[in-house]
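File shown here: target.txt, holding compact mmCIF, C-alpha atoms and all ligand atoms.
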# COMPACT_ATOMS: atom_id res chain seq x y z
CA MET A 268 32.18 21.53 36.65
CA PRO A 269 30.54 18.33 37.94
CA GLN A 270 28.56 18.90 41.08
CA THR A 271 30.16 17.40 44.18
CA ILE A 272 27.79 15.09 45.96
CA PHE A 273 28.40 15.02 49.68
CA ARG A 274 27.31 11.90 51.52
CA TYR A 275 26.68 12.27 55.22
CA PRO A 276 27.97 9.32 57.25
CA GLN A 277 25.16 7.24 58.75
CA LEU A 278 23.60 9.21 61.59
CA THR A 279 22.56 6.01 63.25
CA ASP A 280 26.15 4.86 63.57
CA LYS A 281 26.48 5.27 67.37
CA ARG A 282 30.18 4.37 67.54
CA ASN A 283 31.00 7.15 65.17
CA ASN A 284 28.70 9.82 66.58
CA ASN A 285 31.24 12.58 67.34
CA LYS A 286 32.90 12.18 64.00
CA VAL A 287 29.53 12.54 62.26
CA ILE A 288 28.71 15.78 64.05
CA GLU A 289 32.18 17.19 63.38
CA THR A 290 31.90 16.36 59.69
CA ILE A 291 28.49 18.00 59.38
CA ILE A 292 29.65 21.16 61.11
CA SER A 293 32.69 21.51 58.89
CA PHE A 294 30.59 20.77 55.78
CA VAL A 295 28.06 23.49 56.66
CA ALA A 296 30.82 25.94 57.56
CA ASN A 297 32.61 25.35 54.26
CA GLU A 298 29.45 25.79 52.23
CA GLU A 299 28.64 28.98 54.10
CA LEU A 300 32.13 30.32 53.58
CA LYS A 301 31.96 29.63 49.85
CA ASN A 302 28.75 31.60 49.48
CA TYR A 303 29.72 34.32 51.91
CA LYS A 304 30.09 37.70 50.23
CA MET A 305 32.30 40.09 52.13
CA LYS A 306 30.13 43.01 53.13
CA ILE A 307 31.58 46.49 53.36
CA PRO A 308 30.81 47.73 56.88
CA HIS A 309 28.91 50.99 57.20
CA PRO A 310 28.00 51.91 60.77
CA ILE A 311 26.79 55.50 60.37
CA PRO A 312 23.40 55.81 58.67
CA TYR A 313 23.68 59.03 56.66
CA GLN A 314 21.43 60.31 53.92
CA GLY A 315 23.59 61.14 50.92
CA SER A 316 26.06 58.39 51.78
CA LYS A 317 27.89 57.00 48.77
CA ARG A 318 27.90 53.42 50.04
CA ASN A 319 25.70 52.19 47.18
CA LEU A 320 27.74 53.95 44.52
CA ALA A 321 31.15 53.17 46.01
CA ASN A 322 31.97 50.37 43.58
CA ASP A 323 31.21 52.58 40.56
CA ILE A 324 33.33 55.41 41.94
CA LEU A 325 36.26 53.15 42.85
CA ARG A 326 36.64 52.24 39.18
CA TYR A 327 38.17 55.64 38.58
CA PHE A 328 40.84 55.34 41.26
CA PRO A 329 44.43 55.27 39.97
CA GLU A 330 46.66 52.24 40.55
CA SER A 331 48.67 53.81 43.31
CA ILE A 332 47.49 56.45 45.77
CA ASP A 333 49.61 57.94 48.49
CA ARG A 334 46.77 59.39 50.60
CA PHE A 335 43.05 59.19 49.95
CA ILE A 336 41.52 62.46 51.13
CA GLU A 337 37.81 62.98 51.87
CA PRO A 338 37.20 66.68 52.72
CA PHE A 339 33.37 66.21 52.89
CA ALA A 340 33.47 62.80 54.53
CA GLY A 341 29.97 62.46 56.04
CA SER A 342 29.79 58.75 56.90
CA ALA A 343 33.17 58.22 55.15
CA ALA A 344 31.67 55.60 52.83
CA MET A 345 34.36 56.07 50.18
CA THR A 346 37.25 55.86 52.66
CA ILE A 347 35.83 52.64 54.07
CA ALA A 348 35.33 51.17 50.58
CA ALA A 349 38.81 52.28 49.46
CA SER A 350 40.38 50.54 52.42
CA PHE A 351 38.23 47.43 51.92
CA TYR A 352 39.52 47.06 48.35
CA TYR A 353 43.13 47.90 49.29
CA LYS A 354 43.09 51.05 47.15
CA ALA A 355 45.06 53.09 49.70
CA ASP A 356 46.42 52.71 53.20
CA LYS A 357 46.65 56.34 54.32
CA PHE A 358 43.52 58.42 54.67
CA ILE A 359 42.40 61.90 55.70
CA ILE A 360 38.79 62.11 56.88
CA ASN A 361 37.42 65.61 57.30
CA ASP A 362 33.98 67.08 57.85
CA ILE A 363 32.90 70.45 59.21
CA ASN A 364 30.52 68.57 61.52
CA LYS A 365 32.74 68.04 64.59
CA PRO A 366 30.58 65.51 66.51
CA LEU A 367 30.42 63.43 63.32
CA ILE A 368 34.22 63.40 63.08
CA ASP A 369 34.48 62.59 66.81
CA LEU A 370 32.12 59.69 66.21
CA LEU A 371 34.17 58.38 63.28
CA GLU A 372 37.37 58.74 65.27
CA ASN A 373 35.88 56.80 68.19
CA ILE A 374 34.58 54.10 65.85
CA VAL A 375 38.05 53.61 64.41
CA ASN A 376 40.13 53.98 67.57
CA ARG A 377 37.82 52.99 70.43
CA PRO A 378 35.25 50.67 68.84
CA GLU A 379 34.36 48.67 71.99
CA ILE A 380 33.37 51.85 73.81
CA VAL A 381 31.14 52.99 70.92
CA VAL A 382 29.51 49.53 70.79
CA LYS A 383 28.77 49.60 74.52
CA ASN A 384 27.48 53.19 74.48
CA TYR A 385 25.21 52.48 71.52
CA TYR A 386 23.81 49.40 73.26
CA ASP A 387 23.11 51.41 76.44
CA ILE A 388 21.52 54.38 74.67
CA TRP A 389 19.47 52.21 72.30
CA SER A 390 18.20 49.98 75.13
CA GLY A 391 17.11 53.01 77.16
CA GLN A 392 14.31 53.78 74.70
CA ILE A 393 12.28 50.57 75.18
CA GLY A 394 8.68 51.35 76.06
CA ASN A 395 9.11 55.13 75.74
CA GLU A 396 10.57 55.44 72.24
CA GLU A 397 9.37 58.83 71.05
CA GLU A 398 9.87 60.87 74.18
CA TYR A 399 13.26 59.23 74.76
CA TYR A 400 14.41 60.26 71.26
CA TYR A 401 13.57 63.90 71.98
CA GLN A 402 15.44 63.71 75.30
CA VAL A 403 18.55 62.35 73.57
CA ARG A 404 18.23 65.03 70.89
CA GLN A 405 18.05 67.78 73.51
CA GLU A 406 21.05 66.31 75.31
CA PHE A 407 23.00 66.12 72.06
CA ASN A 408 22.27 69.76 71.23
CA LYS A 409 23.62 70.70 74.68
CA THR A 410 26.69 68.47 74.79
CA GLN A 411 27.52 67.51 71.16
CA ASN A 412 28.19 64.00 72.46
CA PRO A 413 29.01 61.79 69.42
CA ASN A 414 27.37 58.73 71.02
CA HIS A 415 24.06 60.55 71.03
CA LEU A 416 24.56 61.51 67.39
CA LEU A 417 24.91 57.85 66.39
CA PHE A 418 21.62 56.99 68.06
CA LEU A 419 19.86 60.01 66.50
CA LEU A 420 21.10 59.10 63.01
CA ALA A 421 20.08 55.48 63.49
CA LYS A 422 16.57 56.40 64.55
CA CYS A 423 15.68 59.65 62.78
CA VAL A 424 13.56 59.92 59.63
CA LYS A 425 15.46 58.56 56.60
CA ALA A 426 18.81 58.94 58.41
CA ALA A 427 18.63 62.53 57.20
CA VAL A 428 20.63 65.04 59.20
CA ARG A 429 18.74 68.29 59.57
CA TYR A 430 19.92 71.35 61.44
CA ASN A 431 18.04 74.54 62.25
CA SER A 432 19.53 77.99 61.72
CA ASN A 433 21.05 77.88 65.24
CA GLY A 434 23.00 74.77 64.28
CA GLU A 435 20.77 72.50 66.38
CA PHE A 436 19.92 69.00 65.20
CA ASN A 437 16.17 69.10 64.61
CA GLN A 438 15.24 65.95 62.69
CA SER A 439 12.24 63.97 64.03
CA PRO A 440 12.25 60.29 65.00
CA ASP A 441 11.00 57.60 62.66
CA LYS A 442 8.14 56.37 64.82
CA ARG A 443 7.92 52.99 63.12
CA ARG A 444 11.43 51.89 64.00
CA LYS A 445 13.62 51.62 67.05
CA GLY A 446 16.71 52.29 64.96
CA ARG A 447 19.43 49.87 63.93
CA ARG A 448 19.76 46.98 66.38
CA PRO A 449 22.90 47.07 68.56
CA GLU A 450 24.15 43.66 67.38
CA ASN A 451 24.14 44.79 63.73
CA MET A 452 25.70 48.09 64.65
CA ARG A 453 28.43 46.26 66.61
CA ASP A 454 29.53 44.24 63.58
CA ASP A 455 29.84 47.31 61.38
CA ILE A 456 31.68 49.34 64.03
CA LEU A 457 34.22 46.56 64.60
CA GLY A 458 34.53 46.06 60.83
CA VAL A 459 35.38 49.70 60.20
CA SER A 460 37.87 49.80 63.05
CA ASN A 461 39.51 46.71 61.64
CA LEU A 462 39.85 48.35 58.22
CA LEU A 463 41.02 51.79 59.32
CA LYS A 464 42.83 51.64 62.67
CA GLY A 465 46.25 53.29 62.45
CA LYS A 466 45.64 54.59 58.93
CA VAL A 467 43.55 57.73 59.35
CA GLU A 468 44.15 61.36 60.18
CA PHE A 469 40.89 62.97 61.40
CA GLN A 470 40.15 66.67 60.89
CA SER A 471 37.16 68.92 61.33
CA LYS A 472 37.90 72.01 59.25
CA ASP A 473 36.56 73.84 56.26
CA TYR A 474 37.27 71.75 53.14
CA VAL A 475 39.51 74.48 51.67
CA GLU A 476 42.12 73.95 54.38
CA ILE A 477 42.13 70.22 53.71
CA ILE A 478 42.52 70.37 49.94
CA ASN A 479 45.31 72.91 50.30
CA SER A 480 47.45 70.16 51.80
CA ALA A 481 46.88 67.71 48.90
CA LYS A 482 49.87 66.52 46.85
CA THR A 483 50.16 65.09 43.35
CA ASP A 484 50.30 61.43 44.51
CA ASP A 485 47.11 61.80 46.55
CA LEU A 486 43.53 61.35 45.44
CA VAL A 487 40.88 63.78 46.69
CA TYR A 488 37.22 62.77 46.65
CA LEU A 489 34.82 65.71 46.95
CA ASP A 490 31.17 65.13 47.80
CA PRO A 491 29.91 68.55 48.85
CA PRO A 492 26.37 69.21 50.07
CA TYR A 493 23.94 69.33 47.20
CA GLN A 494 22.98 72.75 46.00
CA GLY A 495 19.71 73.91 47.49
CA THR A 496 20.38 72.21 50.81
CA ALA A 497 21.63 75.32 52.57
CA LYS A 498 21.27 75.96 56.27
CA ASN A 499 18.70 78.69 55.68
CA GLY A 500 16.93 76.96 52.83
CA GLY A 501 16.90 73.17 52.86
CA PHE A 502 18.26 72.78 56.42
CA ARG A 503 20.22 69.76 55.35
CA TYR A 504 23.81 69.46 56.54
CA LEU A 505 25.47 71.65 59.09
CA GLU A 506 27.00 73.98 56.53
CA THR A 507 26.16 75.39 53.17
CA LEU A 508 28.61 75.77 50.31
CA SER A 509 29.29 78.66 47.96
CA TYR A 510 29.35 77.49 44.34
CA ASP A 511 31.80 80.26 43.34
CA ASN A 512 34.27 79.47 46.12
CA PHE A 513 34.04 75.80 45.30
CA VAL A 514 34.90 76.47 41.65
CA ILE A 515 37.86 78.64 42.70
CA SER A 516 39.14 75.78 44.87
CA LEU A 517 38.92 73.42 41.90
CA HIS A 518 40.95 75.84 39.77
CA GLU A 519 43.60 75.84 42.52
CA LEU A 520 43.70 72.05 42.54
CA ASN A 521 44.11 72.04 38.75
CA LYS A 522 47.00 74.49 38.96
CA LYS A 523 48.76 72.13 41.38
CA ASN A 524 48.03 69.01 39.26
CA ILE A 525 46.05 67.34 42.01
CA SER A 526 43.93 64.33 41.08
CA TYR A 527 40.36 64.58 42.26
CA ILE A 528 36.87 63.17 41.78
CA ILE A 529 33.70 65.18 42.47
CA SER A 530 30.15 63.97 43.03
CA TYR A 531 28.14 67.02 42.21
CA ASP A 532 24.94 67.12 40.23
CA GLY A 533 22.65 64.62 38.59
CA ARG A 534 19.39 64.01 36.80
CA THR A 535 16.24 61.94 37.05
CA GLY A 536 14.78 61.30 33.62
CA ASP A 537 15.32 64.64 31.88
CA LYS A 538 15.04 66.71 35.06
CA THR A 539 18.48 67.87 36.15
CA TYR A 540 19.44 69.09 39.58
CA GLY A 541 22.44 71.20 40.47
CA GLU A 542 24.42 73.55 38.33
CA ASN A 543 26.97 72.16 35.85
CA LEU A 544 30.59 72.77 36.67
CA PRO A 545 32.34 75.19 34.26
CA GLU A 546 33.99 73.78 31.13
CA LYS A 547 37.12 75.76 31.88
CA LEU A 548 37.91 73.28 34.62
CA GLU A 549 38.45 70.63 31.88
CA LEU A 550 36.71 67.90 33.84
CA THR A 551 35.52 64.59 32.43
CA LYS A 552 31.88 64.00 33.30
CA ILE A 553 30.58 60.48 33.89
CA GLU A 554 27.04 59.51 34.74
CA ILE A 555 26.44 56.74 37.25
CA ASN A 556 23.17 54.87 37.31
CA ALA A 557 21.92 55.33 40.89
CA GLY A 558 18.75 53.27 40.36
CA ARG A 559 15.06 54.07 40.43
CA SER A 560 14.34 57.38 42.12
CA SER A 561 11.98 57.04 45.07
CA ILE A 562 9.97 60.08 43.98
CA ALA A 563 9.52 58.70 40.47
CA THR A 564 8.48 55.32 41.94
CA LEU A 565 5.83 57.05 44.04
CA HIS A 566 4.42 58.57 40.87
CA ASN A 567 4.50 55.25 39.08
CA ARG A 568 7.19 56.40 36.69
CA ASN A 569 10.10 54.26 35.74
CA GLU A 570 12.75 56.91 35.91
CA ILE A 571 16.34 56.23 36.82
CA THR A 572 18.47 58.74 38.68
CA TYR A 573 21.94 59.36 37.30
CA GLU A 574 24.53 60.91 39.57
CA ALA A 575 27.29 62.88 37.91
CA LEU A 576 30.92 62.20 38.64
CA TYR A 577 33.60 64.64 37.48
CA LEU A 578 37.20 63.51 37.05
CA SER A 579 40.04 66.03 37.03
CA LYS A 580 42.39 66.19 34.08
CA SER A 581 45.38 65.05 36.13
CA LEU A 582 43.41 62.03 37.35
CA CYS A 583 42.48 61.11 33.75
CA ASN A 584 46.20 61.16 32.94
CA ARG A 585 46.80 58.64 35.72
CA ILE A 586 44.14 56.11 34.67
CA ASP A 587 43.40 54.21 31.48
CA MET A 588 39.99 55.59 30.50
CA LYS A 589 39.71 53.42 27.39
CA ARG A 590 40.15 50.21 29.37
CA LEU A 591 37.73 51.42 32.02
CA ASN A 592 35.00 51.97 29.48
CA GLN A 593 35.33 48.35 28.38
CA THR A 594 35.65 46.52 31.70
CA ALA A 595 33.02 45.50 34.19
CA LEU A 596 32.48 47.13 37.53
CA VAL A 597 34.44 46.08 40.59
CA ASN A 598 32.98 42.87 42.01
CA THR A 599 32.45 42.28 45.67
CA PRO A 600 35.21 39.85 46.62
CA THR A 601 34.30 36.61 48.35
CA LEU A 602 36.44 35.17 51.12
CA PHE A 603 37.86 32.78 48.53
CA ASP A 604 39.17 35.62 46.41
CA PHE A 605 41.32 36.65 49.35
CA VAL A 606 42.41 33.08 50.02
CA ASN A 607 43.34 32.63 46.35
CA GLU A 608 45.26 35.88 46.28
CA LYS A 609 47.93 34.48 48.62
C1 LIG B 701 26.87 64.93 50.73
S1 LIG B 701 27.52 64.86 52.36
C2 LIG B 701 28.84 63.73 52.16
C3 LIG B 701 28.37 62.31 52.19
C4 LIG B 701 29.52 61.32 52.15
N1 LIG B 701 30.12 61.22 50.84
C5 LIG B 701 29.08 59.93 52.60
O1 LIG B 701 29.30 58.94 51.88
O2 LIG B 701 28.49 59.84 53.67
C6 LIG B 701 28.34 66.40 52.51
C7 LIG B 701 29.11 66.61 53.83
O3 LIG B 701 29.83 67.84 53.73
C8 LIG B 701 29.92 68.43 55.03
N2 LIG B 701 30.26 69.85 54.83
C9 LIG B 701 29.42 70.86 54.48
N3 LIG B 701 30.12 72.01 54.31
C10 LIG B 701 31.42 71.72 54.56
C11 LIG B 701 32.62 72.48 54.54
N4 LIG B 701 32.61 73.79 54.24
N5 LIG B 701 33.78 71.86 54.81
C12 LIG B 701 33.80 70.53 55.12
N6 LIG B 701 32.70 69.76 55.18
C13 LIG B 701 31.51 70.34 54.90
C14 LIG B 701 28.55 68.14 55.64
O4 LIG B 701 28.61 68.16 57.05
C15 LIG B 701 28.22 66.75 55.07
O5 LIG B 701 28.56 65.73 55.99

Represent the structure from my file as structure tokens, please.
Amino acid sequence: MPQTIFRYPQLTDKRNNNKVIETIISFVANEELKNYKMKIPHPIPYQGSKRNLANDILRYFPESIDRFIEPFAGSAAMTIAASFYYKADKFIINDINKPLIDLLENIVNRPEIVVKNYYDIWSGQIGNEEEYYYQVRQEFNKTQNPNHLLFLLAKCVKAAVRYNSNGEFNQSPDKRRKGRRPENMRDDILGVSNLLKGKVEFQSKDYVEIINSAKTDDLVYLDPPYQGTAKNGGFRYLETLSYDNFVISLHELNKKNISYIISYDGRTGDKTYGENLPEKLELTKIEINAGRSSIATLHNRNEITYEALYLSKSLCNRIDMKRLNQTALVNTPTLFDFVNEK
């Protein structure tokens, strides 16, 4: 395509001054719009979030989904991405961590209040960052206030939730950072509310209760805590998970022909982590390239981490696996893709 050459009107033309400025503004705005990539909003920093793998996982979604169900939602990265790409318009977000669910519910239904509270809490730290963090942490462990949780996640080391055996949040602050700036947080909070308001049912129950309600037209995405991150071992998430019970739940889903996707184990180089899921479940395993592992990079090795994705048999019957293996990944749409769609 020949390149369009834009000629600015003469800036020295006094009579035409307003017109010149107007033209320049609209020219810059148009150019910016053309290059603007729609960004998927993600307000809750959460280690283990699937935001960077969302596009790869969305490839395996069937054409039509009644409800998209996330029983281990965490930061709800997949729900947000699914809504962004119009993959579903009814969602169930569940996590055993109640303040986290309260936070997500407030983000979706009362975004202005979350924005204001985050601004107030974040601003309170200036000049006294470390001590202030510990005060907020203590307050959160007393009250379970979701606004405090957002600040703790934004400021703690590697956005990694850590709980002690009494269920108290005990992650330390990242002393080099103040945590995500309120203006950036505001945009993501409003973006998520825009995508999900009126479409989500929020729950804070054990995952088994949630998957029991799934139906054949739904899609369930399961991202349980990694093995070895138990409350009394790795102190990662609020709850641990029994491998055996998890496998039993998957058998139940199979019996009811429910479509599901699991993120479960993975490998870096030839080192695997997590136990394989039993063959009897008849799952299709796919490996997703999750990029260079930070540990390998530290040791000057060039190893890539692959995260495993398991697709249920009933899901594979709903999607065209052959076509998927040939086509490219989902692209991030630009504003113009949406304009052209109309
Ligand atoms: C790996 S994280 C999920 C991350 C999520 N996919 C994201 O993108 O942020 C696992 C989540 O499971 C939750 N969880 C642990 N045990 C659970 C249980 N028995 N029922 C429901 N949720 C549970 C944890 O609180 C944690 O948020």

Practice problem: Can you tell me which residues come within 9 Å of ligand LIG 701 (chain B) when counting only C-alpha atoms and all ligand atoms, ideally as an MDAnalysis selection string? | Solution: chainID A and resid 311:319 321 337:346 361:365 367 428 471:477 488:493 503:509 530:531

Once you have the residues from the selection above, write them out as a CSV table (one decimal), in the frame of the given file, restricted to C-alpha atoms.
chain,number,residue,atom,x,y,z
A,311,ILE,CA,26.8,55.5,60.4
A,312,PRO,CA,23.4,55.8,58.7
A,313,TYR,CA,23.7,59.0,56.7
A,314,GLN,CA,21.4,60.3,53.9
A,315,GLY,CA,23.6,61.1,50.9
A,316,SER,CA,26.1,58.4,51.8
A,317,LYS,CA,27.9,57.0,48.8
A,318,ARG,CA,27.9,53.4,50.0
A,319,ASN,CA,25.7,52.2,47.2
A,321,ALA,CA,31.2,53.2,46.0
A,337,GLU,CA,37.8,63.0,51.9
A,338,PRO,CA,37.2,66.7,52.7
A,339,PHE,CA,33.4,66.2,52.9
A,340,ALA,CA,33.5,62.8,54.5
A,341,GLY,CA,30.0,62.5,56.0
A,342,SER,CA,29.8,58.8,56.9
A,343,ALA,CA,33.2,58.2,55.2
A,344,ALA,CA,31.7,55.6,52.8
A,345,MET,CA,34.4,56.1,50.2
A,346,THR,CA,37.2,55.9,52.7
A,361,ASN,CA,37.4,65.6,57.3
A,362,ASP,CA,34.0,67.1,57.8
A,363,ILE,CA,32.9,70.4,59.2
A,364,ASN,CA,30.5,68.6,61.5
A,365,LYS,CA,32.7,68.0,64.6
A,367,LEU,CA,30.4,63.4,63.3
A,428,VAL,CA,20.6,65.0,59.2
A,471,SER,CA,37.2,68.9,61.3
A,472,LYS,CA,37.9,72.0,59.2
A,473,ASP,CA,36.6,73.8,56.3
A,474,TYR,CA,37.3,71.8,53.1
A,475,VAL,CA,39.5,74.5,51.7
A,476,GLU,CA,42.1,74.0,54.4
A,477,ILE,CA,42.1,70.2,53.7
A,488,TYR,CA,37.2,62.8,46.6
A,489,LEU,CA,34.8,65.7,47.0
A,490,ASP,CA,31.2,65.1,47.8
A,491,PRO,CA,29.9,68.6,48.8
A,492,PRO,CA,26.4,69.2,50.1
A,493,TYR,CA,23.9,69.3,47.2
A,503,ARG,CA,20.2,69.8,55.4
A,504,TYR,CA,23.8,69.5,56.5
A,505,LEU,CA,25.5,71.6,59.1
A,506,GLU,CA,27.0,74.0,56.5
A,507,THR,CA,26.2,75.4,53.2
A,508,LEU,CA,28.6,75.8,50.3
A,509,SER,CA,29.3,78.7,48.0
A,530,SER,CA,30.2,64.0,43.0
A,531,TYR,CA,28.1,67.0,42.2

Once you count all atoms listed in the file, which residues end up no further than 12 Å from (22.9, 67.4, 41.0) in the file's frame, shown as an mmCIF file with C-alpha atoms, keeping the file's coordinate frame?
data_model
loop_
_atom_site.group_PDB
_atom_site.id
_atom_site.type_symbol
_atom_site.label_atom_id
_atom_site.label_comp_id
_atom_site.auth_asym_id
_atom_site.auth_seq_id
_atom_site.Cartn_x
_atom_site.Cartn_y
_atom_site.Cartn_z
ATOM 1 C CA GLY A 315 23.590 61.140 50.920
ATOM 2 C CA ASP A 490 31.170 65.130 47.800
ATOM 3 C CA PRO A 491 29.910 68.550 48.850
ATOM 4 C CA PRO A 492 26.370 69.210 50.070
ATOM 5 C CA TYR A 493 23.940 69.330 47.200
ATOM 6 C CA GLN A 494 22.980 72.750 46.000
ATOM 7 C CA GLY A 495 19.710 73.910 47.490
ATOM 8 C CA THR A 496 20.380 72.210 50.810
ATOM 9 C CA ILE A 529 33.700 65.180 42.470
ATOM 10 C CA SER A 530 30.150 63.970 43.030
ATOM 11 C CA TYR A 531 28.140 67.020 42.210
ATOM 12 C CA ASP A 532 24.940 67.120 40.230
ATOM 13 C CA GLY A 533 22.650 64.620 38.590
ATOM 14 C CA ARG A 534 19.390 64.010 36.800
ATOM 15 C CA THR A 535 16.240 61.940 37.050
ATOM 16 C CA LYS A 538 15.040 66.710 35.060
ATOM 17 C CA THR A 539 18.480 67.870 36.150
ATOM 18 C CA TYR A 540 19.440 69.090 39.580
ATOM 19 C CA GLY A 541 22.440 71.200 40.470
ATOM 20 C CA GLU A 542 24.420 73.550 38.330
ATOM 21 C CA ASN A 543 26.970 72.160 35.850
ATOM 22 C CA LEU A 544 30.590 72.770 36.670
ATOM 23 C CA GLU A 554 27.040 59.510 34.740
ATOM 24 C CA ILE A 555 26.440 56.740 37.250
ATOM 25 C CA THR A 572 18.470 58.740 38.680
ATOM 26 C CA TYR A 573 21.940 59.360 37.300
ATOM 27 C CA GLU A 574 24.530 60.910 39.570
ATOM 28 C CA ALA A 575 27.290 62.880 37.910
ATOM 29 C CA LEU A 576 30.920 62.200 38.640
ATOM 30 C CA TYR A 577 33.600 64.640 37.480
#

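Of the listed residues A:Arg326, A:Lys580, A:Lys523, A:Arg448, the one whose atoms come nearest to Glu549 of chain A is A:Lys580, with distances taken using only C-alpha atoms.
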
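Checking A:Ile307, A:Pro366, A:Asn433, A:Leu371 one by one against Thr410 of chain A, counting all atoms listed in the file, you find the shortest gap at A:Pro366.
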
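For the pair atom CA of Ala348 of chain A and atom CA of Glu570 of chain A, the interatomic distance is 27.5 Å.
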
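Atom CA of Lys445 of chain A to atom CA of Leu420 of chain A spans 11.3 Å [interatomic distance, one decimal].
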
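Counting from atom CA of Phe328 of chain A, the distance to atom CA of Lys464 of chain A is 21.8 Å.
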
Please identify all polymer residues within 7 Å of segment 385-390 of chain A, counting only C-alpha atoms, omitting same-chain residues fewer than 3 positions from it, and present them as an mmCIF file with C-alpha atoms, keeping the file's coordinate frame.
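And here's part.cif as it stands now:
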data_model
loop_
_atom_site.group_PDB
_atom_site.id
_atom_site.type_symbol
_atom_site.label_atom_id
_atom_site.label_comp_id
_atom_site.auth_asym_id
_atom_site.auth_seq_id
_atom_site.Cartn_x
_atom_site.Cartn_y
_atom_site.Cartn_z
ATOM 1 C CA VAL A 381 31.140 52.990 70.920
ATOM 2 C CA VAL A 382 29.510 49.530 70.790
ATOM 3 C CA ILE A 393 12.280 50.570 75.180
ATOM 4 C CA ASN A 414 27.370 58.730 71.020
ATOM 5 C CA PHE A 418 21.620 56.990 68.060
ATOM 6 C CA PRO A 449 22.900 47.070 68.560
#

Quiz prompt | 8 Å contact set for Ile347 of chain A, all atoms listed in the file, chain neighbours under 5 positions out, as a count of residues only | solution = 6

Practice problem: List the neighbours of Ile571 of chain A out to 8 Å using all atoms listed in the file; skip same-chain residues closer than 3 positions along the sequence, and give me the result as a PyMOL selection string. | Solution: chain A and resi 535-536+556-560

Residue selection dump (C-alpha atoms) as a PDB file, in the coordinates of the input:
ATOM      1  CA  THR A 535      16.240  61.940  37.050  1.00  0.00           C
ATOM      2  CA  GLY A 536      14.780  61.300  33.620  1.00  0.00           C
ATOM      3  CA  ASN A 556      23.170  54.870  37.310  1.00  0.00           C
ATOM      4  CA  ALA A 557      21.920  55.330  40.890  1.00  0.00           C
ATOM      5  CA  GLY A 558      18.750  53.270  40.360  1.00  0.00           C
ATOM      6  CA  ARG A 559      15.060  54.070  40.430  1.00  0.00           C
ATOM      7  CA  SER A 560      14.340  57.380  42.120  1.00  0.00           C
TER       8      SER A 560
END

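For the residues A:Leu325, A:Ile374, A:Ile332, A:Leu548, ranking by smallest atom-to-atom distance to Ser460 of chain A using all atoms listed in the file places A:Ile374 first.
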
Exercise. Can you work out which one of A:Glu330, A:Leu320, A:Phe513, A:Asn373 has the shortest atom-to-atom distance to Ile586 of chain A, counting all atoms listed in the file?
Key: A:Glu330

Quiz item: Got a sec to check which residues sit within 10 Å of (48.6, 59.9, 44.6), counting only C-alpha atoms, and write them as a VMD selection string?
Solution: chain A and resid 328 to 336 355 481 to 487 525 to 527 582 585

How would the residues just chosen look if you wrote them out with C-alpha atoms as a PDB file, keeping the file's coordinate frame?
ATOM      1  CA  PHE A 328      40.840  55.340  41.260  1.00  0.00           C
ATOM      2  CA  PRO A 329      44.430  55.270  39.970  1.00  0.00           C
ATOM      3  CA  GLU A 330      46.660  52.240  40.550  1.00  0.00           C
ATOM      4  CA  SER A 331      48.670  53.810  43.310  1.00  0.00           C
ATOM      5  CA  ILE A 332      47.490  56.450  45.770  1.00  0.00           C
ATOM      6  CA  ASP A 333      49.610  57.940  48.490  1.00  0.00           C
ATOM      7  CA  ARG A 334      46.770  59.390  50.600  1.00  0.00           C
ATOM      8  CA  PHE A 335      43.050  59.190  49.950  1.00  0.00           C
ATOM      9  CA  ILE A 336      41.520  62.460  51.130  1.00  0.00           C
ATOM     10  CA  ALA A 355      45.060  53.090  49.700  1.00  0.00           C
ATOM     11  CA  ALA A 481      46.880  67.710  48.900  1.00  0.00           C
ATOM     12  CA  LYS A 482      49.870  66.520  46.850  1.00  0.00           C
ATOM     13  CA  THR A 483      50.160  65.090  43.350  1.00  0.00           C
ATOM     14  CA  ASP A 484      50.300  61.430  44.510  1.00  0.00           C
ATOM     15  CA  ASP A 485      47.110  61.800  46.550  1.00  0.00           C
ATOM     16  CA  LEU A 486      43.530  61.350  45.440  1.00  0.00           C
ATOM     17  CA  VAL A 487      40.880  63.780  46.690  1.00  0.00           C
ATOM     18  CA  ILE A 525      46.050  67.340  42.010  1.00  0.00           C
ATOM     19  CA  SER A 526      43.930  64.330  41.080  1.00  0.00           C
ATOM     20  CA  TYR A 527      40.360  64.580  42.260  1.00  0.00           C
ATOM     21  CA  LEU A 582      43.410  62.030  37.350  1.00  0.00           C
ATOM     22  CA  ARG A 585      46.800  58.640  35.720  1.00  0.00           C
TER      23      ARG A 585
END
